[in-house]
file start-v3.tsv (TSV, C-alpha atoms)
chain	number	residue	atom	x	y	z
Z	24	MET	CA	64.49	71.25	74.59
Z	25	SER	CA	66.88	71.77	77.54
Z	26	LEU	CA	66.35	69.92	80.81
Z	27	ILE	CA	65.46	73.10	82.69
Z	28	ALA	CA	62.86	73.97	80.05
Z	29	ALA	CA	61.44	70.46	80.25
Z	30	LYS	CA	61.14	70.74	84.03
Z	31	ILE	CA	59.28	74.03	83.75
Z	32	ILE	CA	56.95	72.89	80.94
Z	33	VAL	CA	56.27	69.17	81.47
Z	34	THR	CA	55.45	69.21	85.20
Z	35	PRO	CA	52.80	71.96	85.21
Z	36	THR	CA	51.26	70.46	82.08
Z	37	LEU	CA	50.79	67.11	83.85
Z	38	MET	CA	49.44	68.86	86.94
Z	39	TRP	CA	46.93	70.81	84.87
Z	40	ALA	CA	45.77	67.62	83.12
Z	41	VAL	CA	45.15	65.80	86.43
Z	42	SER	CA	43.33	68.76	87.96
Z	43	ALA	CA	41.16	69.12	84.86
Z	44	ALA	CA	40.37	65.39	84.95
Z	45	ALA	CA	39.36	65.63	88.61
Z	46	ARG	CA	36.96	68.46	87.81
Z	47	ARG	CA	35.54	66.64	84.80
Z	48	TRP	CA	35.25	63.05	86.09
Z	49	GLY	CA	35.32	63.40	89.86
Z	50	SER	CA	37.63	63.09	92.85
Z	51	LEU	CA	38.30	59.36	92.51
Z	52	VAL	CA	39.62	59.63	88.94
Z	53	GLY	CA	41.63	62.69	89.94
Z	54	GLY	CA	43.14	60.70	92.80
Z	55	LEU	CA	43.91	57.75	90.54
Z	56	LEU	CA	45.71	59.93	88.02
Z	57	SER	CA	47.51	61.94	90.69
Z	58	GLY	CA	48.71	58.65	92.19
Z	59	LEU	CA	50.57	57.86	88.97
Z	60	PRO	CA	54.28	58.82	88.87
Z	61	LEU	CA	53.48	62.17	87.24
Z	62	THR	CA	56.08	64.10	89.22
Z	63	SER	CA	58.28	61.24	90.41
Z	64	ALA	CA	58.82	59.81	86.91
Z	65	PRO	CA	60.10	63.15	85.54
Z	66	ILE	CA	62.30	63.49	88.65
Z	67	SER	CA	63.74	60.01	88.07
Z	68	ILE	CA	64.37	60.79	84.40
Z	69	TYR	CA	66.10	64.07	85.27
Z	70	LEU	CA	68.23	62.30	87.90
Z	71	ALA	CA	69.30	59.72	85.32
Z	72	ALA	CA	70.14	62.44	82.78
Z	73	GLU	CA	72.01	64.68	85.23
Z	74	GLN	CA	73.47	62.29	87.83
Z	75	GLY	CA	73.72	59.03	85.90
Z	76	GLU	CA	71.70	55.86	85.52
Z	77	ARG	CA	73.20	54.18	88.61
Z	78	PHE	CA	72.22	57.16	90.75
Z	79	ALA	CA	68.62	57.03	89.47
Z	80	ALA	CA	68.43	53.25	89.94
Z	81	ASP	CA	69.60	53.59	93.55
Z	82	ALA	CA	67.23	56.50	94.11
Z	83	ALA	CA	64.36	54.21	93.09
Z	84	ILE	CA	64.90	52.23	96.32
Z	85	GLY	CA	64.59	55.44	98.32
Z	86	SER	CA	61.46	56.26	96.36
Z	87	VAL	CA	59.86	52.94	97.34
Z	88	GLU	CA	60.66	53.84	100.95
Z	89	GLY	CA	59.24	57.32	100.41
Z	90	LEU	CA	56.10	55.78	98.91
Z	91	GLY	CA	55.67	53.85	102.16
Z	92	ALA	CA	55.84	57.13	104.07
Z	93	VAL	CA	53.28	58.65	101.71
Z	94	THR	CA	51.01	55.66	102.30
Z	95	ALA	CA	51.41	56.17	106.06
Z	96	SER	CA	50.19	59.74	105.60
Z	97	TYR	CA	47.17	58.47	103.63
Z	98	LEU	CA	46.40	55.98	106.42
Z	99	ALA	CA	46.57	58.71	109.05
Z	100	TYR	CA	44.30	60.95	107.00
Z	101	ALA	CA	41.80	58.17	106.25
Z	102	VAL	CA	41.44	57.45	109.95
Z	103	SER	CA	41.39	61.05	111.17
Z	104	ALA	CA	39.48	62.95	108.47
Z	105	PRO	CA	35.97	61.79	109.49
Z	106	ARG	CA	36.74	62.68	113.13
Z	107	MET	CA	38.86	65.85	112.91
Z	108	GLY	CA	38.89	69.21	111.24
Z	109	ILE	CA	40.82	69.96	108.06
Z	110	LEU	CA	43.96	71.38	109.69
Z	111	ALA	CA	44.23	68.71	112.40
Z	112	ALA	CA	43.85	65.86	109.89
Z	113	ILE	CA	46.45	67.37	107.55
Z	114	LEU	CA	48.94	67.92	110.39
Z	115	LEU	CA	48.47	64.33	111.56
Z	116	ALA	CA	49.05	63.08	108.00
Z	117	LEU	CA	52.21	65.22	107.74
Z	118	ALA	CA	53.49	63.81	111.04
Z	119	ALA	CA	52.82	60.29	109.76
Z	120	PHE	CA	54.81	61.04	106.59
Z	121	ILE	CA	57.79	62.36	108.57
Z	122	LEU	CA	57.73	59.43	110.99
Z	123	GLY	CA	57.31	56.95	108.14
Z	124	SER	CA	60.26	58.47	106.27
Z	125	ALA	CA	62.44	58.28	109.37
Z	126	LEU	CA	61.54	54.65	110.03
Z	127	LEU	CA	61.75	53.37	106.46
Z	128	HIS	CA	64.77	55.35	105.30
Z	129	GLY	CA	66.59	56.30	108.46
Z	130	LEU	CA	66.38	53.12	110.52
Z	131	LEU	CA	66.14	50.35	107.92
Z	132	GLN	CA	68.89	49.38	105.51
Z	133	PRO	CA	67.96	50.21	101.89
Z	134	ASP	CA	66.11	47.10	100.73
Z	135	LEU	CA	63.82	47.25	97.70
Z	136	TRP	CA	61.91	44.05	98.48
Z	137	LEU	CA	61.44	44.75	102.19
Z	138	ALA	CA	60.10	48.22	101.42
Z	139	THR	CA	57.83	46.74	98.73
Z	140	ALA	CA	56.53	44.15	101.19
Z	141	ILE	CA	55.64	46.97	103.59
Z	142	ASP	CA	54.07	49.21	100.93
Z	143	LEU	CA	51.69	46.70	99.34
Z	144	PRO	CA	49.51	45.79	102.35
Z	145	ALA	CA	49.55	49.39	103.57
Z	146	MET	CA	48.21	50.65	100.23
Z	147	ALA	CA	45.54	47.93	100.20
Z	148	LEU	CA	44.49	48.98	103.71
Z	149	VAL	CA	44.10	52.61	102.63
Z	150	VAL	CA	41.87	51.53	99.73
Z	151	ALA	CA	39.74	49.45	102.09
Z	152	LEU	CA	39.43	52.21	104.71
Z	153	CYS	CA	38.41	54.82	102.13
Z	154	ARG	CA	35.83	52.66	100.34
Z	155	PRO	CA	32.41	54.27	100.76
Z	156	ARG	CA	29.89	52.25	102.70
Z	157	THR	CA	26.96	50.92	100.68
Z	158	GLY	CA	24.00	53.26	100.83
Z	159	THR	CA	25.89	56.06	102.55
Z	160	GLU	CA	27.24	57.92	99.53
Z	161	ALA	CA	26.13	61.52	99.70
Z	162	PRO	CA	25.60	63.51	96.52
Z	163	VAL	CA	28.77	65.34	95.54
Z	164	ARG	CA	28.60	69.11	95.59
Z	165	ARG	CA	30.70	70.63	92.84
Z	166	SER	CA	31.58	74.20	93.73
Z	167	ARG	CA	33.61	76.55	91.60
Z	168	PRO	CA	37.28	76.54	92.70
Z	169	PRO	CA	38.98	79.89	93.47
Z	170	ARG	CA	41.03	81.58	90.76
Z	171	TRP	CA	44.31	80.92	92.56
Z	172	ASP	CA	43.60	77.16	92.78
Z	173	MET	CA	45.17	76.00	89.52
Z	174	PRO	CA	48.21	78.37	89.54
Z	175	ALA	CA	49.00	77.26	93.10
Z	176	ARG	CA	48.94	73.58	92.12
Z	177	LEU	CA	51.12	74.14	89.05
Z	178	ALA	CA	53.66	76.18	91.04
Z	179	ALA	CA	53.88	73.61	93.85
Z	180	ALA	CA	54.42	70.65	91.53
Z	181	THR	CA	57.06	72.48	89.47
Z	182	ALA	CA	58.85	73.67	92.61
Z	183	LEU	CA	59.20	70.09	93.92
Z	184	VAL	CA	60.71	68.81	90.66
Z	185	LEU	CA	63.17	71.71	90.49
Z	186	LEU	CA	64.08	71.40	94.18
Z	187	VAL	CA	64.76	67.66	94.21
Z	188	SER	CA	66.64	67.58	90.91
Z	189	THR	CA	68.75	70.63	91.87
Z	190	LEU	CA	69.64	69.37	95.36
Z	191	ALA	CA	70.22	65.77	94.27
Z	192	PRO	CA	74.06	66.02	94.20
Z	193	HIS	CA	73.98	67.21	97.83
Z	194	LEU	CA	71.18	64.94	99.09
Z	195	GLY	CA	72.50	61.72	97.58
Z	196	SER	CA	70.50	59.05	95.79
Z	197	GLY	CA	68.67	57.72	98.85
Z	198	LEU	CA	67.21	60.98	100.17
Z	199	SER	CA	66.53	62.26	96.65
Z	200	GLY	CA	64.51	59.10	96.07
Z	201	VAL	CA	62.57	59.50	99.32
Z	202	LEU	CA	61.52	63.04	98.35
Z	203	ALA	CA	60.51	62.13	94.79
Z	204	PRO	CA	57.11	60.53	95.56
Z	205	ILE	CA	55.92	63.34	97.87
Z	206	PRO	CA	52.27	63.71	96.80
Z	207	ILE	CA	52.55	67.30	95.67
Z	208	ILE	CA	49.68	66.68	93.24
Z	209	SER	CA	47.50	64.49	95.48
Z	210	TRP	CA	47.54	66.61	98.62
Z	211	PRO	CA	46.28	69.82	97.02
Z	212	LEU	CA	43.49	67.75	95.45
Z	213	ILE	CA	42.66	66.24	98.86
Z	214	VAL	CA	42.58	69.60	100.61
Z	215	PHE	CA	40.55	71.34	97.93
Z	216	ALA	CA	38.13	68.40	97.71
Z	217	ARG	CA	37.61	68.58	101.50
Z	218	VAL	CA	37.05	72.34	101.47
Z	219	GLN	CA	34.83	72.39	98.41
Z	220	ASP	CA	32.93	69.08	98.54
Z	221	GLY	CA	33.37	67.53	101.99
Z	222	VAL	CA	35.10	64.61	103.69
Z	223	GLY	CA	33.67	62.00	101.31
Z	224	ALA	CA	35.21	63.70	98.27
Z	225	ALA	CA	38.58	64.03	100.06
Z	226	LEU	CA	38.57	60.33	100.92
Z	227	ASP	CA	37.76	59.56	97.29
Z	228	VAL	CA	40.98	61.35	96.31
Z	229	VAL	CA	42.91	59.43	98.98
Z	230	ARG	CA	41.46	56.12	97.76
Z	231	GLY	CA	42.28	56.95	94.14
Z	232	SER	CA	45.79	58.04	95.11
Z	233	ALA	CA	46.36	54.78	97.00
Z	234	GLN	CA	45.12	52.80	94.00
Z	235	GLY	CA	47.41	54.79	91.73
Z	236	ALA	CA	50.28	54.14	94.14
Z	237	PHE	CA	50.34	50.51	93.01
Z	238	GLY	CA	51.40	51.86	89.63
Z	239	VAL	CA	54.00	54.13	91.22
Z	240	LEU	CA	55.45	51.18	93.10
Z	241	ALA	CA	55.63	49.12	89.90
Z	242	PHE	CA	57.36	52.04	88.16
Z	243	TYR	CA	60.12	52.27	90.77
Z	244	VAL	CA	60.68	48.53	90.94
Z	245	CYS	CA	61.04	48.40	87.15
Z	246	VAL	CA	63.37	51.43	87.12
Z	247	HIS	CA	65.64	49.83	89.71
Z	248	LEU	CA	65.72	46.49	87.91
Z	249	LEU	CA	66.04	47.78	84.34
Z	250	LEU	CA	68.03	51.02	84.47
Z	251	GLY	CA	71.66	50.35	83.63
Z	252	ARG	CA	70.82	46.96	82.16
Z	253	ILE	CA	68.97	48.06	79.03
Z	254	ASP	CA	68.74	51.29	77.06
Z	255	PRO	CA	67.48	54.05	79.42
Z	256	VAL	CA	64.71	55.13	77.03
Z	257	ALA	CA	63.46	51.54	76.85
Z	258	ALA	CA	63.80	51.18	80.64
Z	259	TYR	CA	61.61	54.18	81.31
Z	260	ALA	CA	59.15	53.26	78.56
Z	261	VAL	CA	58.67	49.79	80.07
Z	262	SER	CA	58.44	51.20	83.60
Z	263	ILE	CA	55.78	53.74	82.66
Z	264	ALA	CA	53.83	51.13	80.67
Z	265	VAL	CA	53.84	48.68	83.59
Z	266	SER	CA	52.76	51.50	85.91
Z	267	ALA	CA	49.82	52.35	83.66
Z	268	LEU	CA	48.80	48.69	83.39
Z	269	CYS	CA	48.65	48.46	87.19
Z	270	VAL	CA	46.23	51.40	87.35
Z	271	LEU	CA	44.10	50.46	84.33
Z	272	PRO	CA	41.97	47.85	86.20
Z	273	TRP	CA	40.95	50.48	88.77
Z	274	LEU	CA	39.80	52.83	86.01
Z	275	VAL	CA	37.91	50.03	84.23
Z	276	ALA	CA	36.24	48.96	87.47
Z	277	ARG	CA	35.27	52.54	88.19
Z	278	ARG	CA	33.55	52.92	84.80
Z	279	ARG	CA	31.76	49.55	84.97
Z	280	PRO	CA	28.14	50.08	85.97
Z	281	ARG	CA	27.17	48.65	89.33
Z	282	ALA	CA	24.64	45.85	89.50
Z	283	ALA	CA	21.25	46.93	90.78
call {"tool": "encode", "arguments": {"input": "start-v3.tsv", "output": "structure tokens"}}
result
Amino acid sequence: MSLIAAKIIVTPTLMWAVSAAARRWGSLVGGLLSGLPLTSAPISIYLAAEQGERFAADAAIGSVEGLGAVTASYLAYAVSAPRMGILAAILLALAAFILGSALLHGLLQPDLWLATAIDLPAMALVVALCRPRTGTEAPVRRSRPPRWDMPARLAAATALVLLVSTLAPHLGSGLSGVLAPIPIISWPLIVFARVQDGVGAALDVVRGSAQGAFGVLAFYVCVHLLLGRIDPVAAYAVSIAVSALCVLPWLVARRRPRAA
């Protein structure tokens, strides 16, 4: 299979699987899965194949910075969603992403460990802010999504992968990395959950995405440390495995019945 064929087939397949999981098991699971490096991992692999392993390893630092900007957008949405309308909350989250990108990538020197130290507490704060209060959970309304819902998600996710991998030679490793973790899967889930099932469902997606982001962070750290030092297939296999292990406890905790 050629790289272009892989980009067109793999990405929409992953997007469809996450969207189907969200409909089957709820917004939180959908957010958890969408928080995994489902688009950023393929982008990193394509960058390594097309631009070289060193380029992809350097881009991983930019991706950790970009993940911090994504987390800033989740923070802004978590604070504003219960108080604002859909459009206002989304615009505030977008502004937070742009500002976060400028601060983390534009003003700070590329530093994997500094960016990691910023990301970790920010992601934990998002999880805490989006945790439903005891006794306040409203029953989730599951409405039928519009027909254009799934095609729109698949097209958006595929477009991001094609755009970043195609422009990578012109953007450089840093900016390519920053763009890789843009939550092209999470944000459609958040918006559709808000429209169809309310603020609580949207915050469930945000919480799941922030929990999944711990796995994304682990993926990028492993890619930067391993790529170029061991076989690239092994490097990505280990990185993806570590990412999944970071998310597994959240899924297990979610399935564990609560004490009465």
call {"tool": "closest_residue", "arguments": {"input": "start-v3.tsv", "among": "Z:Val102, Z:Val256, Z:Ile68, Z:Ala92", "to": "Leu126 of chain Z", "atoms": "only C-alpha atoms"}}
result
Z:Ala92
call {"tool": "atom_distance", "arguments": {"input": "start-v3.tsv", "atom1": "atom CA of Tyr243 of chain Z", "atom2": "atom CA of Met38 of chain Z"}}
result
20.1 Å
call {"tool": "residues_around", "arguments": {"input": "start-v3.tsv", "residues": "Gly91 of chain Z", "least_positions_apart": "2", "cutoff": "9 Å", "atoms": "all atoms listed in the file", "output": "PDB file with C-alpha atoms, in the frame of the given file"}}
result
ATOM      1  CA  SER Z  86      61.460  56.260  96.360  1.00  0.00           C
ATOM      2  CA  VAL Z  87      59.860  52.940  97.340  1.00  0.00           C
ATOM      3  CA  GLU Z  88      60.660  53.840 100.950  1.00  0.00           C
ATOM      4  CA  GLY Z  89      59.240  57.320 100.410  1.00  0.00           C
ATOM      5  CA  VAL Z  93      53.280  58.650 101.710  1.00  0.00           C
ATOM      6  CA  THR Z  94      51.010  55.660 102.300  1.00  0.00           C
ATOM      7  CA  ALA Z  95      51.410  56.170 106.060  1.00  0.00           C
ATOM      8  CA  SER Z  96      50.190  59.740 105.600  1.00  0.00           C
ATOM      9  CA  PHE Z 120      54.810  61.040 106.590  1.00  0.00           C
ATOM     10  CA  GLY Z 123      57.310  56.950 108.140  1.00  0.00           C
ATOM     11  CA  SER Z 124      60.260  58.470 106.270  1.00  0.00           C
ATOM     12  CA  LEU Z 127      61.750  53.370 106.460  1.00  0.00           C
ATOM     13  CA  ALA Z 138      60.100  48.220 101.420  1.00  0.00           C
ATOM     14  CA  THR Z 139      57.830  46.740  98.730  1.00  0.00           C
ATOM     15  CA  ILE Z 141      55.640  46.970 103.590  1.00  0.00           C
ATOM     16  CA  ASP Z 142      54.070  49.210 100.930  1.00  0.00           C
ATOM     17  CA  LEU Z 143      51.690  46.700  99.340  1.00  0.00           C
ATOM     18  CA  ALA Z 145      49.550  49.390 103.570  1.00  0.00           C
ATOM     19  CA  MET Z 146      48.210  50.650 100.230  1.00  0.00           C
TER      20      MET Z 146
END
call {"tool": "closest_residue", "arguments": {"input": "start-v3.tsv", "among": "Z:Arg106, Z:Pro272, Z:Pro174, Z:Ala82", "to": "Leu70 of chain Z", "atoms": "only C-alpha atoms"}}
result
Z:Ala82
call {"tool": "atom_distance", "arguments": {"input": "start-v3.tsv", "atom1": "atom CA of Pro192 of chain Z", "atom2": "atom CA of Ser262 of chain Z"}}
result
24.0 Å
call {"tool": "atom_distance", "arguments": {"input": "start-v3.tsv", "atom1": "atom CA of Ser232 of chain Z", "atom2": "atom CA of Ser63 of chain Z"}}
result
13.7 Å
call {"tool": "closest_residue", "arguments": {"input": "start-v3.tsv", "among": "Z:Ala147, Z:Ala140, Z:Ile32, Z:Val228", "to": "Trp48 of chain Z", "atoms": "all atoms listed in the file"}}
result
Z:Val228
call {"tool": "decode", "arguments": {"input": "start-v3.tsv", "residues": "segment 219-246 of chain Z", "atoms": "N, CA, C and O atoms", "output": "PDB file, in the first residue's frame"}}
result
ATOM      1  N   GLN Z 219     -26.430  17.614  20.577  1.00  0.00           N
ATOM      2  CA  GLN Z 219     -27.377  16.507  20.646  1.00  0.00           C
ATOM      3  C   GLN Z 219     -27.763  16.130  22.064  1.00  0.00           C
ATOM      4  O   GLN Z 219     -28.915  15.755  22.316  1.00  0.00           O
ATOM      5  N   ASP Z 220     -26.826  16.230  23.032  1.00  0.00           N
ATOM      6  CA  ASP Z 220     -27.087  15.703  24.369  1.00  0.00           C
ATOM      7  C   ASP Z 220     -26.806  16.673  25.510  1.00  0.00           C
ATOM      8  O   ASP Z 220     -26.936  16.301  26.672  1.00  0.00           O
ATOM      9  N   GLY Z 221     -26.359  17.898  25.215  1.00  0.00           N
ATOM     10  CA  GLY Z 221     -26.204  18.884  26.261  1.00  0.00           C
ATOM     11  C   GLY Z 221     -24.781  19.087  26.744  1.00  0.00           C
ATOM     12  O   GLY Z 221     -23.848  18.389  26.341  1.00  0.00           O
ATOM     13  N   VAL Z 222     -24.630  20.073  27.648  1.00  0.00           N
ATOM     14  CA  VAL Z 222     -23.312  20.460  28.150  1.00  0.00           C
ATOM     15  C   VAL Z 222     -22.625  19.303  28.862  1.00  0.00           C
ATOM     16  O   VAL Z 222     -21.415  19.087  28.712  1.00  0.00           O
ATOM     17  N   GLY Z 223     -23.381  18.543  29.679  1.00  0.00           N
ATOM     18  CA  GLY Z 223     -22.771  17.451  30.429  1.00  0.00           C
ATOM     19  C   GLY Z 223     -22.097  16.438  29.527  1.00  0.00           C
ATOM     20  O   GLY Z 223     -20.984  15.973  29.820  1.00  0.00           O
ATOM     21  N   ALA Z 224     -22.754  16.087  28.415  1.00  0.00           N
ATOM     22  CA  ALA Z 224     -22.164  15.129  27.479  1.00  0.00           C
ATOM     23  C   ALA Z 224     -20.917  15.706  26.825  1.00  0.00           C
ATOM     24  O   ALA Z 224     -19.916  15.001  26.619  1.00  0.00           O
ATOM     25  N   ALA Z 225     -20.936  17.010  26.494  1.00  0.00           N
ATOM     26  CA  ALA Z 225     -19.768  17.647  25.881  1.00  0.00           C
ATOM     27  C   ALA Z 225     -18.587  17.650  26.844  1.00  0.00           C
ATOM     28  O   ALA Z 225     -17.446  17.374  26.460  1.00  0.00           O
ATOM     29  N   LEU Z 226     -18.857  17.925  28.116  1.00  0.00           N
ATOM     30  CA  LEU Z 226     -17.779  17.912  29.108  1.00  0.00           C
ATOM     31  C   LEU Z 226     -17.258  16.499  29.350  1.00  0.00           C
ATOM     32  O   LEU Z 226     -16.085  16.320  29.693  1.00  0.00           O
ATOM     33  N   ASP Z 227     -18.114  15.502  29.181  1.00  0.00           N
ATOM     34  CA  ASP Z 227     -17.645  14.113  29.250  1.00  0.00           C
ATOM     35  C   ASP Z 227     -16.604  13.843  28.168  1.00  0.00           C
ATOM     36  O   ASP Z 227     -15.594  13.173  28.407  1.00  0.00           O
ATOM     37  N   VAL Z 228     -16.872  14.347  26.946  1.00  0.00           N
ATOM     38  CA  VAL Z 228     -15.914  14.164  25.859  1.00  0.00           C
ATOM     39  C   VAL Z 228     -14.607  14.886  26.184  1.00  0.00           C
ATOM     40  O   VAL Z 228     -13.519  14.349  25.966  1.00  0.00           O
ATOM     41  N   VAL Z 229     -14.719  16.106  26.712  1.00  0.00           N
ATOM     42  CA  VAL Z 229     -13.514  16.867  27.069  1.00  0.00           C
ATOM     43  C   VAL Z 229     -12.716  16.120  28.132  1.00  0.00           C
ATOM     44  O   VAL Z 229     -11.488  15.992  28.042  1.00  0.00           O
ATOM     45  N   ARG Z 230     -13.410  15.611  29.162  1.00  0.00           N
ATOM     46  CA  ARG Z 230     -12.716  14.867  30.217  1.00  0.00           C
ATOM     47  C   ARG Z 230     -12.040  13.623  29.642  1.00  0.00           C
ATOM     48  O   ARG Z 230     -10.872  13.335  29.954  1.00  0.00           O
ATOM     49  N   GLY Z 231     -12.753  12.870  28.811  1.00  0.00           N
ATOM     50  CA  GLY Z 231     -12.155  11.687  28.203  1.00  0.00           C
ATOM     51  C   GLY Z 231     -10.972  12.043  27.322  1.00  0.00           C
ATOM     52  O   GLY Z 231      -9.951  11.344  27.315  1.00  0.00           O
ATOM     53  N   SER Z 232     -11.084  13.146  26.587  1.00  0.00           N
ATOM     54  CA  SER Z 232      -9.980  13.569  25.720  1.00  0.00           C
ATOM     55  C   SER Z 232      -8.761  13.962  26.537  1.00  0.00           C
ATOM     56  O   SER Z 232      -7.615  13.671  26.155  1.00  0.00           O
ATOM     57  N   ALA Z 233      -8.985  14.644  27.672  1.00  0.00           N
ATOM     58  CA  ALA Z 233      -7.862  15.018  28.538  1.00  0.00           C
ATOM     59  C   ALA Z 233      -7.213  13.790  29.154  1.00  0.00           C
ATOM     60  O   ALA Z 233      -5.984  13.717  29.289  1.00  0.00           O
ATOM     61  N   GLN Z 234      -8.026  12.801  29.534  1.00  0.00           N
ATOM     62  CA  GLN Z 234      -7.467  11.551  30.051  1.00  0.00           C
ATOM     63  C   GLN Z 234      -6.661  10.838  28.961  1.00  0.00           C
ATOM     64  O   GLN Z 234      -5.557  10.333  29.210  1.00  0.00           O
ATOM     65  N   GLY Z 235      -7.206  10.794  27.769  1.00  0.00           N
ATOM     66  CA  GLY Z 235      -6.485  10.179  26.661  1.00  0.00           C
ATOM     67  C   GLY Z 235      -5.218  10.921  26.304  1.00  0.00           C
ATOM     68  O   GLY Z 235      -4.258  10.339  25.780  1.00  0.00           O
ATOM     69  N   ALA Z 236      -5.180  12.234  26.605  1.00  0.00           N
ATOM     70  CA  ALA Z 236      -4.003  13.036  26.278  1.00  0.00           C
ATOM     71  C   ALA Z 236      -2.765  12.589  27.051  1.00  0.00           C
ATOM     72  O   ALA Z 236      -1.636  12.806  26.595  1.00  0.00           O
ATOM     73  N   PHE Z 237      -2.956  11.961  28.209  1.00  0.00           N
ATOM     74  CA  PHE Z 237      -1.801  11.409  28.919  1.00  0.00           C
ATOM     75  C   PHE Z 237      -1.110  10.356  28.047  1.00  0.00           C
ATOM     76  O   PHE Z 237       0.116  10.245  28.035  1.00  0.00           O
ATOM     77  N   GLY Z 238      -1.919   9.578  27.330  1.00  0.00           N
ATOM     78  CA  GLY Z 238      -1.352   8.597  26.416  1.00  0.00           C
ATOM     79  C   GLY Z 238      -0.676   9.245  25.224  1.00  0.00           C
ATOM     80  O   GLY Z 238       0.373   8.776  24.760  1.00  0.00           O
ATOM     81  N   VAL Z 239      -1.269  10.335  24.717  1.00  0.00           N
ATOM     82  CA  VAL Z 239      -0.654  11.055  23.597  1.00  0.00           C
ATOM     83  C   VAL Z 239       0.702  11.614  24.017  1.00  0.00           C
ATOM     84  O   VAL Z 239       1.687  11.524  23.275  1.00  0.00           O
ATOM     85  N   LEU Z 240       0.750  12.183  25.200  1.00  0.00           N
ATOM     86  CA  LEU Z 240       2.013  12.737  25.704  1.00  0.00           C
ATOM     87  C   LEU Z 240       3.074  11.645  25.814  1.00  0.00           C
ATOM     88  O   LEU Z 240       4.227  11.836  25.402  1.00  0.00           O
ATOM     89  N   ALA Z 241       2.686  10.495  26.370  1.00  0.00           N
ATOM     90  CA  ALA Z 241       3.634   9.381  26.485  1.00  0.00           C
ATOM     91  C   ALA Z 241       4.120   8.932  25.106  1.00  0.00           C
ATOM     92  O   ALA Z 241       5.302   8.609  24.929  1.00  0.00           O
ATOM     93  N   PHE Z 242       3.217   8.935  24.131  1.00  0.00           N
ATOM     94  CA  PHE Z 242       3.586   8.539  22.765  1.00  0.00           C
ATOM     95  C   PHE Z 242       4.686   9.452  22.222  1.00  0.00           C
ATOM     96  O   PHE Z 242       5.710   8.990  21.705  1.00  0.00           O
ATOM     97  N   TYR Z 243       4.497  10.765  22.340  1.00  0.00           N
ATOM     98  CA  TYR Z 243       5.463  11.702  21.778  1.00  0.00           C
ATOM     99  C   TYR Z 243       6.797  11.654  22.504  1.00  0.00           C
ATOM    100  O   TYR Z 243       7.854  11.760  21.874  1.00  0.00           O
ATOM    101  N   VAL Z 244       6.758  11.509  23.818  1.00  0.00           N
ATOM    102  CA  VAL Z 244       8.011  11.410  24.567  1.00  0.00           C
ATOM    103  C   VAL Z 244       8.793  10.176  24.115  1.00  0.00           C
ATOM    104  O   VAL Z 244      10.011  10.236  23.887  1.00  0.00           O
ATOM    105  N   CYS Z 245       8.087   9.057  23.969  1.00  0.00           N
ATOM    106  CA  CYS Z 245       8.757   7.825  23.525  1.00  0.00           C
ATOM    107  C   CYS Z 245       9.302   7.965  22.106  1.00  0.00           C
ATOM    108  O   CYS Z 245      10.422   7.524  21.810  1.00  0.00           O
ATOM    109  N   VAL Z 246       8.517   8.592  21.217  1.00  0.00           N
ATOM    110  CA  VAL Z 246       8.970   8.781  19.839  1.00  0.00           C
ATOM    111  C   VAL Z 246      10.259   9.601  19.814  1.00  0.00           C
ATOM    112  O   VAL Z 246      11.228   9.262  19.116  1.00  0.00           O
TER     113      VAL Z 246
END
